[in-house]
Amino acid sequence: MSALPPETTPLYNHPLPALEAWLLHLGASRRPSDPCLWDLHRPCWSASIELEVEDLKVSWQADGQECVRQFPYGLSRADVEAAILAGP
């Protein structure tokens with residue numbers, strides 16, 4: 001596992017292996033068809049996480065509804081993690 005920078009560090013200061021290690025730590029799994037797409041499943045919702053050029057895109061699915069948010073890489077890892085895990 002790649003060492004993670006402090007949680008207050010903006011995502012843009014994380015090397016790609018650290019971002020991947022962080023997503024694995026959250027319980028996400030990489031889609032074999034596209035290394036930029038990750039899936040995260042929780043009891044009440046699931047999410048697709050996409051590493052885009054300008055931001056991190058999260059699409060939650062719960063109760064037949066979809067909620068999409070984009071988080072700039074300038075946000076701290078802690079803030080993005082809290083938003084992802086809060087769910088839709």
# chains A, B, ... in the order shown; residues from 1 in each chain; ligands from 1

call {"tool": "residues_around", "arguments": {"residues": "Gly64 of chain A", "least_positions_apart": "5", "cutoff": "12 Å", "atoms": "only C-alpha atoms", "output": "list in words"}}
result
Cys44, Trp45, Ser46 and Pro88 of chain A

call {"tool": "write_last_selection", "arguments": {"atoms": "all heavy atoms", "output": "PDB file, in the first residue's frame"}}
result
ATOM      1  N   CYS A  44     -26.833   0.690   2.256  1.00  0.00           N
ATOM      2  CA  CYS A  44     -27.967   1.502   1.792  1.00  0.00           C
ATOM      3  C   CYS A  44     -27.757   2.153   0.431  1.00  0.00           C
ATOM      4  O   CYS A  44     -28.689   2.741  -0.118  1.00  0.00           O
ATOM      5  CB  CYS A  44     -28.299   2.581   2.817  1.00  0.00           C
ATOM      6  SG  CYS A  44     -28.863   1.905   4.383  1.00  0.00           S
ATOM      7  N   TRP A  45     -26.546   2.099  -0.102  1.00  0.00           N
ATOM      8  CA  TRP A  45     -26.277   2.735  -1.381  1.00  0.00           C
ATOM      9  C   TRP A  45     -25.025   2.142  -2.020  1.00  0.00           C
ATOM     10  O   TRP A  45     -24.248   1.455  -1.362  1.00  0.00           O
ATOM     11  CB  TRP A  45     -26.132   4.252  -1.234  1.00  0.00           C
ATOM     12  CG  TRP A  45     -25.146   4.713  -0.196  1.00  0.00           C
ATOM     13  CD1 TRP A  45     -25.439   5.067   1.091  1.00  0.00           C
ATOM     14  CD2 TRP A  45     -23.726   4.848  -0.329  1.00  0.00           C
ATOM     15  NE1 TRP A  45     -24.290   5.422   1.755  1.00  0.00           N
ATOM     16  CE2 TRP A  45     -23.225   5.296   0.904  1.00  0.00           C
ATOM     17  CE3 TRP A  45     -22.829   4.650  -1.359  1.00  0.00           C
ATOM     18  CZ2 TRP A  45     -21.869   5.546   1.124  1.00  0.00           C
ATOM     19  CZ3 TRP A  45     -21.475   4.886  -1.145  1.00  0.00           C
ATOM     20  CH2 TRP A  45     -21.022   5.345   0.086  1.00  0.00           C
ATOM     21  N   SER A  46     -24.851   2.433  -3.286  1.00  0.00           N
ATOM     22  CA  SER A  46     -23.612   2.099  -3.980  1.00  0.00           C
ATOM     23  C   SER A  46     -23.173   3.337  -4.746  1.00  0.00           C
ATOM     24  O   SER A  46     -23.978   4.247  -4.996  1.00  0.00           O
ATOM     25  CB  SER A  46     -23.803   0.911  -4.926  1.00  0.00           C
ATOM     26  OG  SER A  46     -24.738   1.221  -5.921  1.00  0.00           O
ATOM     27  N   PRO A  88     -25.649   9.610  -0.723  1.00  0.00           N
ATOM     28  CA  PRO A  88     -26.450  10.575  -1.510  1.00  0.00           C
ATOM     29  C   PRO A  88     -27.298  11.492  -0.622  1.00  0.00           C
ATOM     30  O   PRO A  88     -27.588  11.230   0.484  1.00  0.00           O
ATOM     31  CB  PRO A  88     -27.331   9.675  -2.361  1.00  0.00           C
ATOM     32  CG  PRO A  88     -27.364   8.355  -1.682  1.00  0.00           C
ATOM     33  CD  PRO A  88     -26.102   8.260  -0.878  1.00  0.00           C
TER      34      PRO A  88
END

call {"tool": "residues_around", "arguments": {"residues": "Ser76 of chain A", "least_positions_apart": "4", "cutoff": "12 Å", "atoms": "only C-alpha atoms", "output": "PyMOL selection string"}}
result
chain A and resi 5-14+19+56+71-72+80-83

call {"tool": "atom_distance", "arguments": {"atom1": "atom CA of Leu23 of chain A", "atom2": "atom CA of Asp79 of chain A"}}
result
14.0 Å

call {"tool": "closest_residue", "arguments": {"among": "A:Glu54, A:Asp63, A:Leu85, A:Arg77", "to": "Ala28 of chain A", "atoms": "only C-alpha atoms"}}
result
A:Leu85

call {"tool": "residues_around", "arguments": {"residues": "Cys67 of chain A", "least_positions_apart": "2", "cutoff": "12 Å", "atoms": "only C-alpha atoms", "output": "ChimeraX atom specification"}}
result
/A:45-49,57-65,69-70,84,87-88

call {"tool": "write_last_selection", "arguments": {"atoms": "all heavy atoms", "output": "compact mmCIF listing (two decimals), in the first residue's frame"}}
result
# COMPACT_ATOMS: atom_id res chain seq x y z
N TRP A 45 -26.55 2.10 -0.10
CA TRP A 45 -26.28 2.74 -1.38
C TRP A 45 -25.03 2.14 -2.02
O TRP A 45 -24.25 1.45 -1.36
CB TRP A 45 -26.13 4.25 -1.23
CG TRP A 45 -25.15 4.71 -0.20
CD1 TRP A 45 -25.44 5.07 1.09
CD2 TRP A 45 -23.73 4.85 -0.33
NE1 TRP A 45 -24.29 5.42 1.76
CE2 TRP A 45 -23.23 5.30 0.90
CE3 TRP A 45 -22.83 4.65 -1.36
CZ2 TRP A 45 -21.87 5.55 1.12
CZ3 TRP A 45 -21.47 4.89 -1.15
CH2 TRP A 45 -21.02 5.34 0.09
N SER A 46 -24.85 2.43 -3.29
CA SER A 46 -23.61 2.10 -3.98
C SER A 46 -23.17 3.34 -4.75
O SER A 46 -23.98 4.25 -5.00
CB SER A 46 -23.80 0.91 -4.93
OG SER A 46 -24.74 1.22 -5.92
N ALA A 47 -21.91 3.39 -5.09
CA ALA A 47 -21.39 4.56 -5.78
C ALA A 47 -20.38 4.15 -6.83
O ALA A 47 -19.65 3.17 -6.66
CB ALA A 47 -20.75 5.53 -4.80
N SER A 48 -20.34 4.93 -7.90
CA SER A 48 -19.30 4.82 -8.89
C SER A 48 -18.41 6.05 -8.72
O SER A 48 -18.92 7.17 -8.64
CB SER A 48 -19.88 4.81 -10.30
OG SER A 48 -20.69 3.69 -10.49
N ILE A 49 -17.13 5.83 -8.64
CA ILE A 49 -16.17 6.92 -8.47
C ILE A 49 -15.30 6.97 -9.71
O ILE A 49 -14.72 5.95 -10.10
CB ILE A 49 -15.31 6.70 -7.21
CG1 ILE A 49 -16.20 6.59 -5.97
CG2 ILE A 49 -14.27 7.81 -7.06
CD1 ILE A 49 -15.48 6.09 -4.73
N LYS A 57 -15.46 12.47 -9.78
CA LYS A 57 -16.91 12.41 -9.96
C LYS A 57 -17.46 11.21 -9.21
O LYS A 57 -16.94 10.10 -9.34
CB LYS A 57 -17.24 12.28 -11.45
CG LYS A 57 -18.70 12.16 -11.76
CD LYS A 57 -18.87 12.02 -13.27
CE LYS A 57 -20.30 11.71 -13.63
NZ LYS A 57 -20.42 11.49 -15.10
N VAL A 58 -18.49 11.44 -8.41
CA VAL A 58 -19.12 10.36 -7.65
C VAL A 58 -20.60 10.30 -8.03
O VAL A 58 -21.29 11.32 -7.99
CB VAL A 58 -18.98 10.59 -6.13
CG1 VAL A 58 -19.60 9.44 -5.36
CG2 VAL A 58 -17.52 10.75 -5.74
N SER A 59 -21.04 9.11 -8.42
CA SER A 59 -22.44 8.86 -8.75
C SER A 59 -22.98 7.83 -7.78
O SER A 59 -22.57 6.67 -7.82
CB SER A 59 -22.58 8.34 -10.18
OG SER A 59 -22.00 9.22 -11.10
N TRP A 60 -23.86 8.26 -6.88
CA TRP A 60 -24.47 7.35 -5.90
C TRP A 60 -25.77 6.81 -6.48
O TRP A 60 -26.51 7.54 -7.14
CB TRP A 60 -24.80 8.06 -4.60
CG TRP A 60 -23.66 8.53 -3.78
CD1 TRP A 60 -22.99 7.82 -2.83
CD2 TRP A 60 -23.08 9.83 -3.78
NE1 TRP A 60 -22.03 8.60 -2.25
CE2 TRP A 60 -22.06 9.84 -2.82
CE3 TRP A 60 -23.33 10.98 -4.52
CZ2 TRP A 60 -21.29 10.96 -2.56
CZ3 TRP A 60 -22.56 12.09 -4.27
CH2 TRP A 60 -21.55 12.07 -3.30
N GLN A 61 -26.08 5.55 -6.17
CA GLN A 61 -27.36 4.95 -6.51
C GLN A 61 -27.97 4.42 -5.22
O GLN A 61 -27.32 3.69 -4.48
CB GLN A 61 -27.19 3.80 -7.51
CG GLN A 61 -26.65 4.20 -8.87
CD GLN A 61 -25.14 4.32 -8.92
OE1 GLN A 61 -24.44 3.59 -8.24
NE2 GLN A 61 -24.64 5.25 -9.70
N ALA A 62 -29.22 4.82 -4.97
CA ALA A 62 -29.94 4.35 -3.79
C ALA A 62 -31.43 4.45 -4.07
O ALA A 62 -31.90 5.47 -4.60
CB ALA A 62 -29.59 5.18 -2.56
N ASP A 63 -32.15 3.40 -3.75
CA ASP A 63 -33.61 3.39 -3.91
C ASP A 63 -34.05 3.80 -5.32
O ASP A 63 -35.01 4.56 -5.49
CB ASP A 63 -34.28 4.30 -2.88
CG ASP A 63 -33.97 3.88 -1.45
OD1 ASP A 63 -33.87 2.66 -1.20
OD2 ASP A 63 -33.82 4.77 -0.60
N GLY A 64 -33.33 3.35 -6.32
CA GLY A 64 -33.70 3.66 -7.70
C GLY A 64 -33.39 5.08 -8.14
O GLY A 64 -33.74 5.48 -9.24
N GLN A 65 -32.73 5.86 -7.30
CA GLN A 65 -32.38 7.25 -7.62
C GLN A 65 -30.87 7.36 -7.80
O GLN A 65 -30.11 6.61 -7.20
CB GLN A 65 -32.82 8.18 -6.49
CG GLN A 65 -34.30 8.14 -6.18
CD GLN A 65 -35.12 8.77 -7.29
OE1 GLN A 65 -34.72 9.77 -7.87
NE2 GLN A 65 -36.27 8.19 -7.57
N ARG A 69 -22.21 14.06 -7.99
CA ARG A 69 -21.47 15.23 -7.51
C ARG A 69 -20.04 15.16 -8.04
O ARG A 69 -19.50 14.09 -8.24
CB ARG A 69 -21.40 15.27 -5.98
CG ARG A 69 -22.74 15.37 -5.29
CD ARG A 69 -23.27 16.80 -5.34
NE ARG A 69 -24.49 16.93 -4.57
CZ ARG A 69 -25.71 16.80 -5.07
NH1 ARG A 69 -25.88 16.51 -6.33
NH2 ARG A 69 -26.78 16.95 -4.32
N GLN A 70 -19.44 16.32 -8.22
CA GLN A 70 -18.05 16.40 -8.66
C GLN A 70 -17.27 17.18 -7.62
O GLN A 70 -17.71 18.23 -7.16
CB GLN A 70 -17.98 17.03 -10.04
CG GLN A 70 -18.66 16.13 -11.05
CD GLN A 70 -18.53 16.59 -12.48
OE1 GLN A 70 -19.45 16.40 -13.21
NE2 GLN A 70 -17.41 17.15 -12.88
N ILE A 84 -18.10 11.47 0.31
CA ILE A 84 -18.41 10.19 -0.34
C ILE A 84 -19.13 9.26 0.63
O ILE A 84 -20.17 8.69 0.31
CB ILE A 84 -17.13 9.50 -0.86
CG1 ILE A 84 -16.55 10.29 -2.04
CG2 ILE A 84 -17.41 8.06 -1.27
CD1 ILE A 84 -15.18 9.81 -2.49
N GLY A 87 -22.84 9.53 1.62
CA GLY A 87 -23.83 8.99 0.69
C GLY A 87 -24.64 10.08 0.02
O GLY A 87 -24.37 11.26 0.17
N PRO A 88 -25.65 9.61 -0.72
CA PRO A 88 -26.45 10.57 -1.51
C PRO A 88 -27.30 11.49 -0.62
O PRO A 88 -27.59 11.23 0.48
CB PRO A 88 -27.33 9.68 -2.36
CG PRO A 88 -27.36 8.36 -1.68
CD PRO A 88 -26.10 8.26 -0.88

call {"tool": "select_by_dssp", "arguments": {"residues": "chain A", "states": "strand (DSSP E or B)", "output": "ChimeraX atom specification"}}
result
/A:10,29-31,34-41,46-51,55-62,65-72,76

call {"tool": "select_by_dssp", "arguments": {"residues": "segment 18-60 of chain A", "states": "helix (DSSP H, G or I)", "output": "VMD selection string"}}
result
chain A and resid 18 to 26

call {"tool": "write_last_selection", "arguments": {"atoms": "all heavy atoms", "output": "CSV table (one decimal), in the first residue's frame"}}
result
chain,number,residue,atom,x,y,z
A,18,ALA,N,-1.2,6.6,-4.4
A,18,ALA,CA,-1.7,7.0,-3.1
A,18,ALA,C,-3.3,7.1,-3.3
A,18,ALA,O,-4.0,6.7,-2.4
A,18,ALA,CB,-1.1,8.3,-2.6
A,19,LEU,N,-3.7,7.7,-4.4
A,19,LEU,CA,-5.2,7.9,-4.6
A,19,LEU,C,-5.8,6.5,-4.7
A,19,LEU,O,-6.9,6.2,-4.2
A,19,LEU,CB,-5.5,8.7,-5.9
A,19,LEU,CG,-5.3,10.2,-5.8
A,19,LEU,CD1,-5.5,10.8,-7.1
A,19,LEU,CD2,-6.3,10.8,-4.7
A,20,GLU,N,-5.1,5.6,-5.4
A,20,GLU,CA,-5.6,4.2,-5.6
A,20,GLU,C,-5.6,3.5,-4.3
A,20,GLU,O,-6.6,2.8,-3.9
A,20,GLU,CB,-4.8,3.5,-6.6
A,20,GLU,CG,-5.0,4.0,-8.0
A,20,GLU,CD,-4.0,3.4,-9.0
A,20,GLU,OE1,-3.0,2.9,-8.7
A,20,GLU,OE2,-4.4,3.5,-10.2
A,21,ALA,N,-4.6,3.7,-3.4
A,21,ALA,CA,-4.6,3.0,-2.1
A,21,ALA,C,-5.7,3.6,-1.2
A,21,ALA,O,-6.3,2.8,-0.5
A,21,ALA,CB,-3.2,3.3,-1.5
A,22,TRP,N,-5.9,4.9,-1.3
A,22,TRP,CA,-7.0,5.5,-0.5
A,22,TRP,C,-8.4,4.9,-0.9
A,22,TRP,O,-9.2,4.5,-0.1
A,22,TRP,CB,-7.0,7.0,-0.8
A,22,TRP,CG,-8.2,7.7,-0.3
A,22,TRP,CD1,-8.7,7.7,1.0
A,22,TRP,CD2,-9.1,8.5,-1.1
A,22,TRP,NE1,-9.8,8.5,1.1
A,22,TRP,CE2,-10.1,9.0,-0.2
A,22,TRP,CE3,-9.1,8.8,-2.4
A,22,TRP,CZ2,-11.1,9.8,-0.6
A,22,TRP,CZ3,-10.2,9.7,-2.8
A,22,TRP,CH2,-11.1,10.1,-2.0
A,23,LEU,N,-8.6,4.7,-2.2
A,23,LEU,CA,-9.9,4.2,-2.7
A,23,LEU,C,-10.0,2.7,-2.2
A,23,LEU,O,-11.1,2.3,-1.8
A,23,LEU,CB,-10.0,4.3,-4.2
A,23,LEU,CG,-10.2,5.7,-4.7
A,23,LEU,CD1,-10.1,5.7,-6.2
A,23,LEU,CD2,-11.6,6.3,-4.3
A,24,LEU,N,-8.9,2.0,-2.3
A,24,LEU,CA,-9.0,0.6,-1.8
A,24,LEU,C,-9.3,0.6,-0.3
A,24,LEU,O,-10.0,-0.3,0.2
A,24,LEU,CB,-7.6,-0.1,-2.1
A,24,LEU,CG,-7.4,-0.5,-3.5
A,24,LEU,CD1,-5.9,-1.0,-3.7
A,24,LEU,CD2,-8.3,-1.6,-3.9
A,25,HIS,N,-8.7,1.5,0.5
A,25,HIS,CA,-8.9,1.6,1.9
A,25,HIS,C,-10.4,1.9,2.2
A,25,HIS,O,-10.9,1.4,3.2
A,25,HIS,CB,-8.0,2.7,2.5
A,25,HIS,CG,-8.2,2.9,3.9
A,25,HIS,ND1,-7.8,2.1,4.9
A,25,HIS,CD2,-8.9,3.9,4.6
A,25,HIS,CE1,-8.2,2.5,6.1
A,25,HIS,NE2,-8.8,3.7,5.9
A,26,LEU,N,-11.0,2.7,1.3
A,26,LEU,CA,-12.4,2.9,1.5
A,26,LEU,C,-13.3,1.7,1.2
A,26,LEU,O,-14.5,1.7,1.6
A,26,LEU,CB,-12.9,4.1,0.6
A,26,LEU,CG,-12.4,5.5,0.9
A,26,LEU,CD1,-12.9,6.5,-0.1
A,26,LEU,CD2,-12.7,5.9,2.3

call {"tool": "atom_distance", "arguments": {"atom1": "atom CA of Arg30 of chain A", "atom2": "atom CA of Glu50 of chain A"}}
result
9.9 Å

call {"tool": "atom_distance", "arguments": {"atom1": "atom CA of Pro43 of chain A", "atom2": "atom CA of Ala86 of chain A"}}
result
12.4 Å
